[in-house]
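What follows is the content of model_2.pdb (PDB, C-alpha atoms, pLDDT in the B column).
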```
MODEL        1
ATOM      1  CA  MET H   1      74.082  51.897   0.496  1.00 43.00           C
ATOM      2  CA  ALA H   2      75.961  53.222  -2.513  1.00 45.00           C
ATOM      3  CA  GLY H   3      79.177  51.543  -3.617  1.00 55.00           C
ATOM      4  CA  MET H   4      80.792  48.611  -1.889  1.00 88.00           C
ATOM      5  CA  ALA H   5      79.967  48.590   1.788  1.00 97.00           C
ATOM      6  CA  THR H   6      81.686  46.573   4.525  1.00 98.00           C
ATOM      7  CA  HIS H   7      79.539  44.639   6.976  1.00 98.00           C
ATOM      8  CA  VAL H   8      80.649  42.865  10.158  1.00 98.00           C
ATOM      9  CA  ILE H   9      78.244  39.984  10.876  1.00 98.00           C
ATOM     10  CA  THR H  10      77.896  37.724  13.908  1.00 98.00           C
ATOM     11  CA  GLY H  11      75.896  34.503  13.712  1.00 96.00           C
ATOM     12  CA  ALA H  12      76.598  33.986   9.993  1.00 95.00           C
ATOM     13  CA  GLY H  13      76.891  30.216  10.412  1.00 91.00           C
ATOM     14  CA  SER H  14      73.183  29.425  10.272  1.00 88.00           C
ATOM     15  CA  GLY H  15      69.630  30.738  10.147  1.00 90.00           C
ATOM     16  CA  ILE H  16      69.088  34.483   9.766  1.00 94.00           C
ATOM     17  CA  GLY H  17      72.802  35.323   9.912  1.00 95.00           C
ATOM     18  CA  ALA H  18      73.651  32.917   7.078  1.00 94.00           C
ATOM     19  CA  ALA H  19      70.817  34.314   4.942  1.00 95.00           C
ATOM     20  CA  VAL H  20      71.971  37.917   5.489  1.00 97.00           C
ATOM     21  CA  ALA H  21      75.629  37.050   4.791  1.00 97.00           C
ATOM     22  CA  ARG H  22      74.705  35.244   1.547  1.00 96.00           C
ATOM     23  CA  ARG H  23      72.597  38.150   0.327  1.00 97.00           C
ATOM     24  CA  LEU H  24      75.232  40.814   1.078  1.00 98.00           C
ATOM     25  CA  HIS H  25      77.972  38.644  -0.459  1.00 97.00           C
ATOM     26  CA  ALA H  26      75.883  37.986  -3.588  1.00 96.00           C
ATOM     27  CA  ARG H  27      75.465  41.691  -4.251  1.00 96.00           C
ATOM     28  CA  GLY H  28      79.211  42.282  -4.024  1.00 97.00           C
ATOM     29  CA  ASP H  29      79.507  43.872  -0.595  1.00 97.00           C
ATOM     30  CA  ASP H  30      82.541  43.210   1.565  1.00 97.00           C
ATOM     31  CA  ILE H  31      81.678  40.961   4.518  1.00 98.00           C
ATOM     32  CA  VAL H  32      83.586  40.220   7.696  1.00 98.00           C
ATOM     33  CA  LEU H  33      82.246  37.084   9.380  1.00 98.00           C
ATOM     34  CA  HIS H  34      82.674  36.753  13.110  1.00 97.00           C
ATOM     35  CA  ALA H  35      83.444  33.230  14.346  1.00 96.00           C
ATOM     36  CA  ARG H  36      84.115  31.798  17.793  1.00 95.00           C
ATOM     37  CA  ASP H  37      87.348  30.040  16.771  1.00 95.00           C
ATOM     38  CA  ALA H  38      89.759  29.640  13.857  1.00 94.00           C
ATOM     39  CA  GLY H  39      88.255  26.333  12.702  1.00 95.00           C
ATOM     40  CA  ARG H  40      84.779  27.835  12.496  1.00 94.00           C
ATOM     41  CA  ALA H  41      86.176  30.912  10.716  1.00 95.00           C
ATOM     42  CA  LYS H  42      87.685  28.680   8.034  1.00 95.00           C
ATOM     43  CA  GLU H  43      84.339  26.899   7.494  1.00 94.00           C
ATOM     44  CA  LEU H  44      82.429  30.180   7.188  1.00 94.00           C
ATOM     45  CA  ALA H  45      84.927  31.729   4.757  1.00 94.00           C
ATOM     46  CA  ALA H  46      84.945  28.611   2.558  1.00 94.00           C
ATOM     47  CA  GLY H  47      81.237  29.059   1.824  1.00 92.00           C
ATOM     48  CA  LEU H  48      81.574  32.725   0.826  1.00 95.00           C
ATOM     49  CA  PRO H  49      84.717  33.292  -1.278  1.00 94.00           C
ATOM     50  CA  GLY H  50      86.429  36.581  -0.535  1.00 95.00           C
ATOM     51  CA  ALA H  51      84.823  36.977   2.875  1.00 97.00           C
ATOM     52  CA  ARG H  52      87.108  37.987   5.728  1.00 97.00           C
ATOM     53  CA  THR H  53      86.822  36.579   9.233  1.00 97.00           C
ATOM     54  CA  LEU H  54      87.162  37.844  12.763  1.00 97.00           C
ATOM     55  CA  VAL H  55      87.688  35.403  15.638  1.00 98.00           C
ATOM     56  CA  GLY H  56      86.552  35.813  19.245  1.00 97.00           C
ATOM     57  CA  ASP H  57      84.330  33.927  21.672  1.00 97.00           C
ATOM     58  CA  LEU H  58      81.097  35.842  22.361  1.00 98.00           C
ATOM     59  CA  ALA H  59      80.576  33.647  25.423  1.00 98.00           C
ATOM     60  CA  ASP H  60      83.662  35.274  26.975  1.00 98.00           C
ATOM     61  CA  PRO H  61      83.279  39.013  26.259  1.00 98.00           C
ATOM     62  CA  ASP H  62      86.124  39.921  28.632  1.00 98.00           C
ATOM     63  CA  LYS H  63      88.577  38.312  26.196  1.00 97.00           C
ATOM     64  CA  LEU H  64      87.258  39.867  22.968  1.00 97.00           C
ATOM     65  CA  SER H  65      89.509  42.903  23.295  1.00 96.00           C
ATOM     66  CA  TRP H  66      92.571  40.660  23.648  1.00 97.00           C
ATOM     67  CA  ALA H  67      91.466  38.466  20.720  1.00 97.00           C
ATOM     68  CA  PHE H  68      90.927  41.467  18.444  1.00 96.00           C
ATOM     69  CA  SER H  69      94.293  43.002  19.367  1.00 96.00           C
ATOM     70  CA  HIS H  70      95.944  40.008  17.645  1.00 96.00           C
ATOM     71  CA  GLN H  71      94.000  40.400  14.386  1.00 97.00           C
ATOM     72  CA  SER H  72      93.654  43.131  11.789  1.00 93.00           C
ATOM     73  CA  LEU H  73      90.239  44.732  12.165  1.00 93.00           C
ATOM     74  CA  PRO H  74      88.578  46.260   9.101  1.00 95.00           C
ATOM     75  CA  ASP H  75      89.373  49.962   8.657  1.00 95.00           C
ATOM     76  CA  GLN H  76      85.952  50.578   7.159  1.00 97.00           C
ATOM     77  CA  VAL H  77      82.729  49.358   8.776  1.00 98.00           C
ATOM     78  CA  ASP H  78      79.434  50.487   7.255  1.00 98.00           C
ATOM     79  CA  SER H  79      77.301  48.159   9.293  1.00 98.00           C
ATOM     80  CA  LEU H  80      77.594  45.925  12.334  1.00 98.00           C
ATOM     81  CA  LEU H  81      74.981  43.174  12.367  1.00 98.00           C
ATOM     82  CA  HIS H  82      74.458  41.431  15.692  1.00 98.00           C
ATOM     83  CA  ILE H  83      72.700  38.200  14.716  1.00 97.00           C
ATOM     84  CA  ALA H  84      74.366  35.560  16.919  1.00 96.00           C
ATOM     85  CA  GLY H  85      72.345  34.375  19.902  1.00 95.00           C
ATOM     86  CA  VAL H  86      71.883  31.479  22.293  1.00 93.00           C
ATOM     87  CA  VAL H  87      68.817  30.204  24.117  1.00 93.00           C
ATOM     88  CA  ASP H  88      68.456  27.920  27.115  1.00 92.00           C
ATOM     89  CA  LEU H  89      64.915  27.589  28.408  1.00 92.00           C
ATOM     90  CA  GLY H  90      64.090  26.893  32.038  1.00 95.00           C
ATOM     91  CA  ASP H  91      61.979  28.118  34.924  1.00 97.00           C
ATOM     92  CA  VAL H  92      63.441  30.654  37.333  1.00 98.00           C
ATOM     93  CA  GLY H  93      63.325  27.933  39.988  1.00 98.00           C
ATOM     94  CA  ASP H  94      65.643  25.745  37.902  1.00 97.00           C
ATOM     95  CA  LEU H  95      68.025  28.032  35.978  1.00 97.00           C
ATOM     96  CA  THR H  96      71.584  28.240  37.313  1.00 97.00           C
ATOM     97  CA  PRO H  97      73.836  31.319  37.331  1.00 98.00           C
ATOM     98  CA  LYS H  98      75.922  29.573  34.638  1.00 98.00           C
ATOM     99  CA  SER H  99      72.924  29.470  32.291  1.00 97.00           C
ATOM    100  CA  TRP H 100      72.026  33.095  33.074  1.00 98.00           C
ATOM    101  CA  ARG H 101      75.591  34.252  32.490  1.00 98.00           C
ATOM    102  CA  HIS H 102      75.988  32.367  29.215  1.00 98.00           C
ATOM    103  CA  GLN H 103      72.849  33.925  27.724  1.00 98.00           C
ATOM    104  CA  LEU H 104      73.642  37.411  29.039  1.00 98.00           C
ATOM    105  CA  ASN H 105      77.239  37.188  27.759  1.00 98.00           C
ATOM    106  CA  VAL H 106      76.402  36.067  24.220  1.00 98.00           C
ATOM    107  CA  ASN H 107      73.126  37.935  23.734  1.00 98.00           C
ATOM    108  CA  LEU H 108      73.879  41.236  25.487  1.00 98.00           C
ATOM    109  CA  ILE H 109      77.386  41.900  26.825  1.00 98.00           C
ATOM    110  CA  ALA H 110      79.248  40.677  23.712  1.00 98.00           C
ATOM    111  CA  PRO H 111      77.126  42.863  21.381  1.00 98.00           C
ATOM    112  CA  ALA H 112      77.881  45.860  23.630  1.00 98.00           C
ATOM    113  CA  GLU H 113      81.597  45.053  23.551  1.00 98.00           C
ATOM    114  CA  LEU H 114      81.663  44.509  19.766  1.00 98.00           C
ATOM    115  CA  THR H 115      79.812  47.787  19.279  1.00 98.00           C
ATOM    116  CA  ARG H 116      82.342  49.591  21.468  1.00 98.00           C
ATOM    117  CA  HIS H 117      85.183  48.245  19.326  1.00 97.00           C
ATOM    118  CA  PHE H 118      83.665  49.269  16.009  1.00 98.00           C
ATOM    119  CA  LEU H 119      82.111  52.611  16.963  1.00 98.00           C
ATOM    120  CA  PRO H 120      85.040  54.689  15.613  1.00 97.00           C
ATOM    121  CA  GLN H 121      84.658  53.078  12.159  1.00 98.00           C
ATOM    122  CA  LEU H 122      80.851  53.282  12.307  1.00 98.00           C
ATOM    123  CA  ARG H 123      80.992  56.989  13.159  1.00 98.00           C
ATOM    124  CA  ALA H 124      83.443  57.632  10.326  1.00 98.00           C
ATOM    125  CA  ALA H 125      81.153  55.832   7.859  1.00 98.00           C
ATOM    126  CA  ARG H 126      77.922  57.255   9.337  1.00 98.00           C
ATOM    127  CA  GLY H 127      77.100  53.570   9.526  1.00 98.00           C
ATOM    128  CA  HIS H 128      74.400  51.333  10.921  1.00 98.00           C
ATOM    129  CA  VAL H 129      74.143  48.955  13.886  1.00 98.00           C
ATOM    130  CA  ILE H 130      71.457  46.283  13.614  1.00 98.00           C
ATOM    131  CA  PHE H 131      70.514  44.186  16.621  1.00 98.00           C
ATOM    132  CA  VAL H 132      68.531  41.064  15.798  1.00 97.00           C
ATOM    133  CA  ASN H 133      66.470  40.869  18.946  1.00 97.00           C
ATOM    134  CA  SER H 134      63.422  38.615  19.430  1.00 94.00           C
ATOM    135  CA  GLY H 135      59.748  38.752  20.263  1.00 92.00           C
ATOM    136  CA  ALA H 136      61.075  37.820  23.735  1.00 93.00           C
ATOM    137  CA  GLY H 137      62.742  41.244  23.851  1.00 95.00           C
ATOM    138  CA  LEU H 138      59.265  42.788  24.054  1.00 95.00           C
ATOM    139  CA  SER H 139      57.435  40.328  26.305  1.00 95.00           C
ATOM    140  CA  ALA H 140      58.529  37.426  28.495  1.00 96.00           C
ATOM    141  CA  ASN H 141      56.746  34.107  28.914  1.00 94.00           C
ATOM    142  CA  ALA H 142      57.073  31.294  31.433  1.00 95.00           C
ATOM    143  CA  GLY H 143      60.309  29.355  30.935  1.00 95.00           C
ATOM    144  CA  TRP H 144      61.973  32.167  29.002  1.00 94.00           C
ATOM    145  CA  SER H 145      63.228  34.424  31.834  1.00 97.00           C
ATOM    146  CA  ALA H 146      66.992  34.421  31.169  1.00 97.00           C
ATOM    147  CA  TYR H 147      66.702  34.606  27.381  1.00 96.00           C
ATOM    148  CA  ALA H 148      64.019  37.308  27.554  1.00 97.00           C
ATOM    149  CA  ALA H 149      66.063  39.267  30.106  1.00 98.00           C
ATOM    150  CA  SER H 150      69.063  39.213  27.757  1.00 98.00           C
ATOM    151  CA  LYS H 151      66.868  40.394  24.873  1.00 98.00           C
ATOM    152  CA  HIS H 152      65.069  43.068  26.946  1.00 98.00           C
ATOM    153  CA  GLY H 153      68.587  44.244  27.815  1.00 98.00           C
ATOM    154  CA  LEU H 154      69.529  44.241  24.123  1.00 98.00           C
ATOM    155  CA  LYS H 155      66.580  46.557  23.406  1.00 98.00           C
ATOM    156  CA  ALA H 156      67.835  48.910  26.126  1.00 98.00           C
ATOM    157  CA  LEU H 157      71.356  48.808  24.654  1.00 98.00           C
ATOM    158  CA  ALA H 158      70.005  49.670  21.190  1.00 98.00           C
ATOM    159  CA  ASP H 159      67.746  52.466  22.479  1.00 98.00           C
ATOM    160  CA  SER H 160      70.578  54.104  24.447  1.00 98.00           C
ATOM    161  CA  LEU H 161      73.059  53.714  21.587  1.00 98.00           C
ATOM    162  CA  ARG H 162      70.594  55.288  19.148  1.00 98.00           C
ATOM    163  CA  GLN H 163      70.302  58.415  21.283  1.00 98.00           C
ATOM    164  CA  GLU H 164      74.034  58.592  21.977  1.00 98.00           C
ATOM    165  CA  GLU H 165      75.139  58.225  18.342  1.00 98.00           C
ATOM    166  CA  HIS H 166      72.330  60.027  16.502  1.00 97.00           C
ATOM    167  CA  ALA H 167      74.369  63.229  16.189  1.00 97.00           C
ATOM    168  CA  ALA H 168      77.254  61.194  14.706  1.00 97.00           C
ATOM    169  CA  GLY H 169      74.923  59.911  11.990  1.00 97.00           C
ATOM    170  CA  VAL H 170      74.977  56.302  13.187  1.00 98.00           C
ATOM    171  CA  ARG H 171      71.643  54.552  12.685  1.00 98.00           C
ATOM    172  CA  VAL H 172      70.469  51.870  15.103  1.00 98.00           C
ATOM    173  CA  THR H 173      67.771  49.301  14.362  1.00 98.00           C
ATOM    174  CA  SER H 174      66.279  46.570  16.544  1.00 98.00           C
ATOM    175  CA  VAL H 175      64.615  43.723  14.647  1.00 97.00           C
ATOM    176  CA  TYR H 176      62.214  41.495  16.588  1.00 96.00           C
ATOM    177  CA  PRO H 177      61.588  38.284  14.634  1.00 89.00           C
ATOM    178  CA  GLY H 178      58.936  35.868  15.766  1.00 81.00           C
ATOM    179  CA  ARG H 179      59.758  32.176  15.629  1.00 75.00           C
ATOM    180  CA  THR H 180      62.039  31.567  12.653  1.00 70.00           C
ATOM    181  CA  ALA H 181      62.920  28.222  11.064  1.00 62.00           C
ATOM    182  CA  SER H 182      66.499  27.658  12.241  1.00 66.00           C
ATOM    183  CA  PRO H 183      68.671  25.292  14.301  1.00 67.00           C
ATOM    184  CA  MET H 184      67.926  27.498  17.337  1.00 66.00           C
ATOM    185  CA  GLN H 185      64.188  26.977  16.816  1.00 71.00           C
ATOM    186  CA  ALA H 186      64.690  23.211  16.557  1.00 70.00           C
ATOM    187  CA  LYS H 187      66.514  23.340  19.917  1.00 70.00           C
ATOM    188  CA  VAL H 188      63.715  25.382  21.490  1.00 69.00           C
ATOM    189  CA  HIS H 189      61.161  22.800  20.353  1.00 72.00           C
ATOM    190  CA  ARG H 190      63.269  20.004  21.853  1.00 78.00           C
ATOM    191  CA  GLN H 191      63.427  21.923  25.156  1.00 72.00           C
ATOM    192  CA  GLU H 192      59.675  22.490  25.009  1.00 75.00           C
ATOM    193  CA  GLY H 193      59.106  18.806  24.234  1.00 79.00           C
ATOM    194  CA  LYS H 194      57.281  19.670  20.999  1.00 80.00           C
ATOM    195  CA  GLU H 195      57.481  18.409  17.421  1.00 79.00           C
ATOM    196  CA  TYR H 196      59.404  20.802  15.171  1.00 67.00           C
ATOM    197  CA  ASP H 197      57.902  21.629  11.765  1.00 76.00           C
ATOM    198  CA  ALA H 198      60.016  24.248   9.962  1.00 68.00           C
ATOM    199  CA  SER H 199      57.195  25.044   7.510  1.00 75.00           C
ATOM    200  CA  LYS H 200      55.143  26.609  10.320  1.00 71.00           C
ATOM    201  CA  TRP H 201      57.677  29.330  11.065  1.00 72.00           C
ATOM    202  CA  ILE H 202      59.231  32.326   9.325  1.00 84.00           C
ATOM    203  CA  ASP H 203      61.796  31.548   6.628  1.00 89.00           C
ATOM    204  CA  PRO H 204      65.156  33.123   7.583  1.00 88.00           C
ATOM    205  CA  GLU H 205      65.217  34.666   4.081  1.00 92.00           C
ATOM    206  CA  SER H 206      62.142  36.730   4.991  1.00 93.00           C
ATOM    207  CA  VAL H 207      63.846  38.133   8.091  1.00 94.00           C
ATOM    208  CA  ALA H 208      66.949  38.807   5.962  1.00 96.00           C
ATOM    209  CA  THR H 209      64.751  40.832   3.573  1.00 96.00           C
ATOM    210  CA  ALA H 210      63.490  42.915   6.499  1.00 96.00           C
ATOM    211  CA  ILE H 211      67.075  43.503   7.731  1.00 97.00           C
ATOM    212  CA  LEU H 212      68.282  44.547   4.272  1.00 98.00           C
ATOM    213  CA  THR H 213      65.316  46.910   3.947  1.00 97.00           C
ATOM    214  CA  ALA H 214      66.416  48.703   7.129  1.00 97.00           C
ATOM    215  CA  LEU H 215      70.035  48.687   5.965  1.00 97.00           C
ATOM    216  CA  ASP H 216      69.280  50.054   2.487  1.00 97.00           C
ATOM    217  CA  LEU H 217      66.905  52.804   3.587  1.00 97.00           C
ATOM    218  CA  PRO H 218      68.125  56.216   2.383  1.00 95.00           C
ATOM    219  CA  ALA H 219      70.150  58.122   4.986  1.00 91.00           C
ATOM    220  CA  ASP H 220      67.400  60.674   5.642  1.00 93.00           C
ATOM    221  CA  ALA H 221      65.382  58.026   7.503  1.00 95.00           C
ATOM    222  CA  GLU H 222      65.907  55.319  10.103  1.00 96.00           C
ATOM    223  CA  ILE H 223      63.887  52.218  10.946  1.00 97.00           C
ATOM    224  CA  THR H 224      64.253  52.068  14.714  1.00 98.00           C
ATOM    225  CA  ASP H 225      62.176  49.003  15.631  1.00 98.00           C
ATOM    226  CA  LEU H 226      60.927  46.334  13.295  1.00 96.00           C
ATOM    227  CA  SER H 227      58.733  43.397  14.360  1.00 94.00           C
ATOM    228  CA  VAL H 228      58.562  40.458  11.966  1.00 91.00           C
ATOM    229  CA  ARG H 229      55.790  37.973  12.775  1.00 87.00           C
ATOM    230  CA  PRO H 230      54.918  34.577  11.266  1.00 84.00           C
ATOM    231  CA  GLY H 231      52.560  35.139   8.336  1.00 76.00           C
ATOM    232  CA  ARG H 232      50.928  31.719   8.544  1.00 71.00           C
TER     233      ARG H 232
ENDMDL
END
```

Representation of the structure as structure tokens:
Amino acid sequence: MAGMATHVITGAGSGIGAAVARRLHARGDDIVLHARDAGRAKELAAGLPGARTLVGDLADPDKLSWAFSHQSLPDQVDSLLHIAGVVDLGDVGDLTPKSWRHQLNVNLIAPAELTRHFLPQLRAARGHVIFVNSGAGLSANAGWSAYAASKHGLKALADSLRQEEHAAGVRVTSVYPGRTASPMQAKVHRQEGKEYDASKWIDPESVATAILTALDLPADAEITDLSVRPGR
């Protein structure tokens, strides 16, 4: 992207989101960090001087519209990066509606709602929406039903959005990382009852490189789907 671009990023507090935010900030782009509450927003902004913040709870998508109406949204949005996500493993026989709803809200409905809010700016900028999905968005394993369902849904959201907004010049990319060394991965290992060794999994910086490659591709091309697998 030529000149200073503005990026709205969810999930910038850790893992892939933090790596992407650092990289965009380091190259002088304008970043708007989404946070669930004001305290978290302050923490995120402190680590990246000059970054702006946007507060709203992804776990309660119905209230995002209200939350945003009390804040000044960026006039320019060149990219919207959906990187936040939650995971709660469990068999279908054990998962409660609360667990299903939480994962669907954060991983699927909130990204749809955020996209709806920023589409006017994205159309004006001929911008880019990037959904950080998961290998679970392509195939589902035992114990992963609710998370995989939310991520299969996210793929559907991205595919529909791509067709709807193609004529407006908005690019849409789904990125499917394999297991990545992050706090979420540590949690998954605890839920699986396994030892966690970060060195066995993808470095978040590598996924960030893949995301920036899609973002920086010249406007005559679009990376639609990008799978990133562990290389060791």

(message) Under the PyMOL selection byres ((chain H and resi 53-61) around 8), which residues of this model are included? Write them out as a PyMOL selection string.
(response) chain H and resi 32-38+41+45+51-52+62-65+67-68+71+73+102+105-106+109-110+113

Around all the atoms of region 40-56 of chain H listed in the file, draw an axis-aligned box and extend it by 4 Å on each of the six sides; I want its centre and edge lengths in Å to one decimal, as lines of an AutoDock Vina configuration file.
```
center_x = 84.5
center_y = 32.4
center_z = 9.0
size_x = 14.5
size_y = 19.1
size_z = 28.5
```

(request) Between CA of Trp66 (chain H) and CA of Gly39 (chain H), measure the distance and give it in Å to one decimal. (result)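 Interatomic distance, CA of Trp66 (chain H) to CA of Gly39 (chain H): 18.5 Å.
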
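Candidate residues H:Ala210, H:Ala221, H:Val228, H:Leu104 were compared for distance to Tyr176 (chain H), and the nearest is H:Val228, using all atoms listed in the file.
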
(request) Identify, on the basis of all atoms listed in the file, every residue whose closest approach to Val170 (chain H) does not exceed 10 Å; exclude the query and any residue fewer than 2 positions from it along the same chain; express the result as number ranges by chain. (result) H: 78-79, 119, 122-129, 161-168, 172, 219, 222

(request) Pick out the closest residue to Asp203 (chain H) from this set: H:His117, H:His7, H:Arg22, H:Arg229. Count only C-alpha atoms. (result) H:Arg229

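Counting all atoms listed in the file, the residue from H:Ala158, H:Ala46, H:Met4, H:Ile16 that sits nearest to Pro204 (chain H) is H:Ile16.
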
Can you list what the PyMOL selection byres ((chain H and resi 224) around 7) grabs from this structure, as a PDB file with C-alpha atoms, in the coordinates of the input?
```pdb
ATOM      1  CA  VAL H 172      70.469  51.870  15.103  1.00 98.00           C
ATOM      2  CA  THR H 173      67.771  49.301  14.362  1.00 98.00           C
ATOM      3  CA  SER H 174      66.279  46.570  16.544  1.00 98.00           C
ATOM      4  CA  GLU H 222      65.907  55.319  10.103  1.00 96.00           C
ATOM      5  CA  ILE H 223      63.887  52.218  10.946  1.00 97.00           C
ATOM      6  CA  ASP H 225      62.176  49.003  15.631  1.00 98.00           C
ATOM      7  CA  LEU H 226      60.927  46.334  13.295  1.00 96.00           C
TER       8      LEU H 226
END
```

(request) Please measure the separation of CA of His189 (chain H) and CA of Thr213 (chain H), giving the value in Å to one decimal. (result)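 Calculated distance between CA of His189 (chain H) and CA of Thr213 (chain H) is 29.5 Å.
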
(request) Calculate how many Å separate CA of Val132 (chain H) from CA of His82 (chain H), rounding to one decimal. (result)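 So the two atoms, CA of Val132 (chain H) and CA of His82 (chain H), lie 5.9 Å apart.
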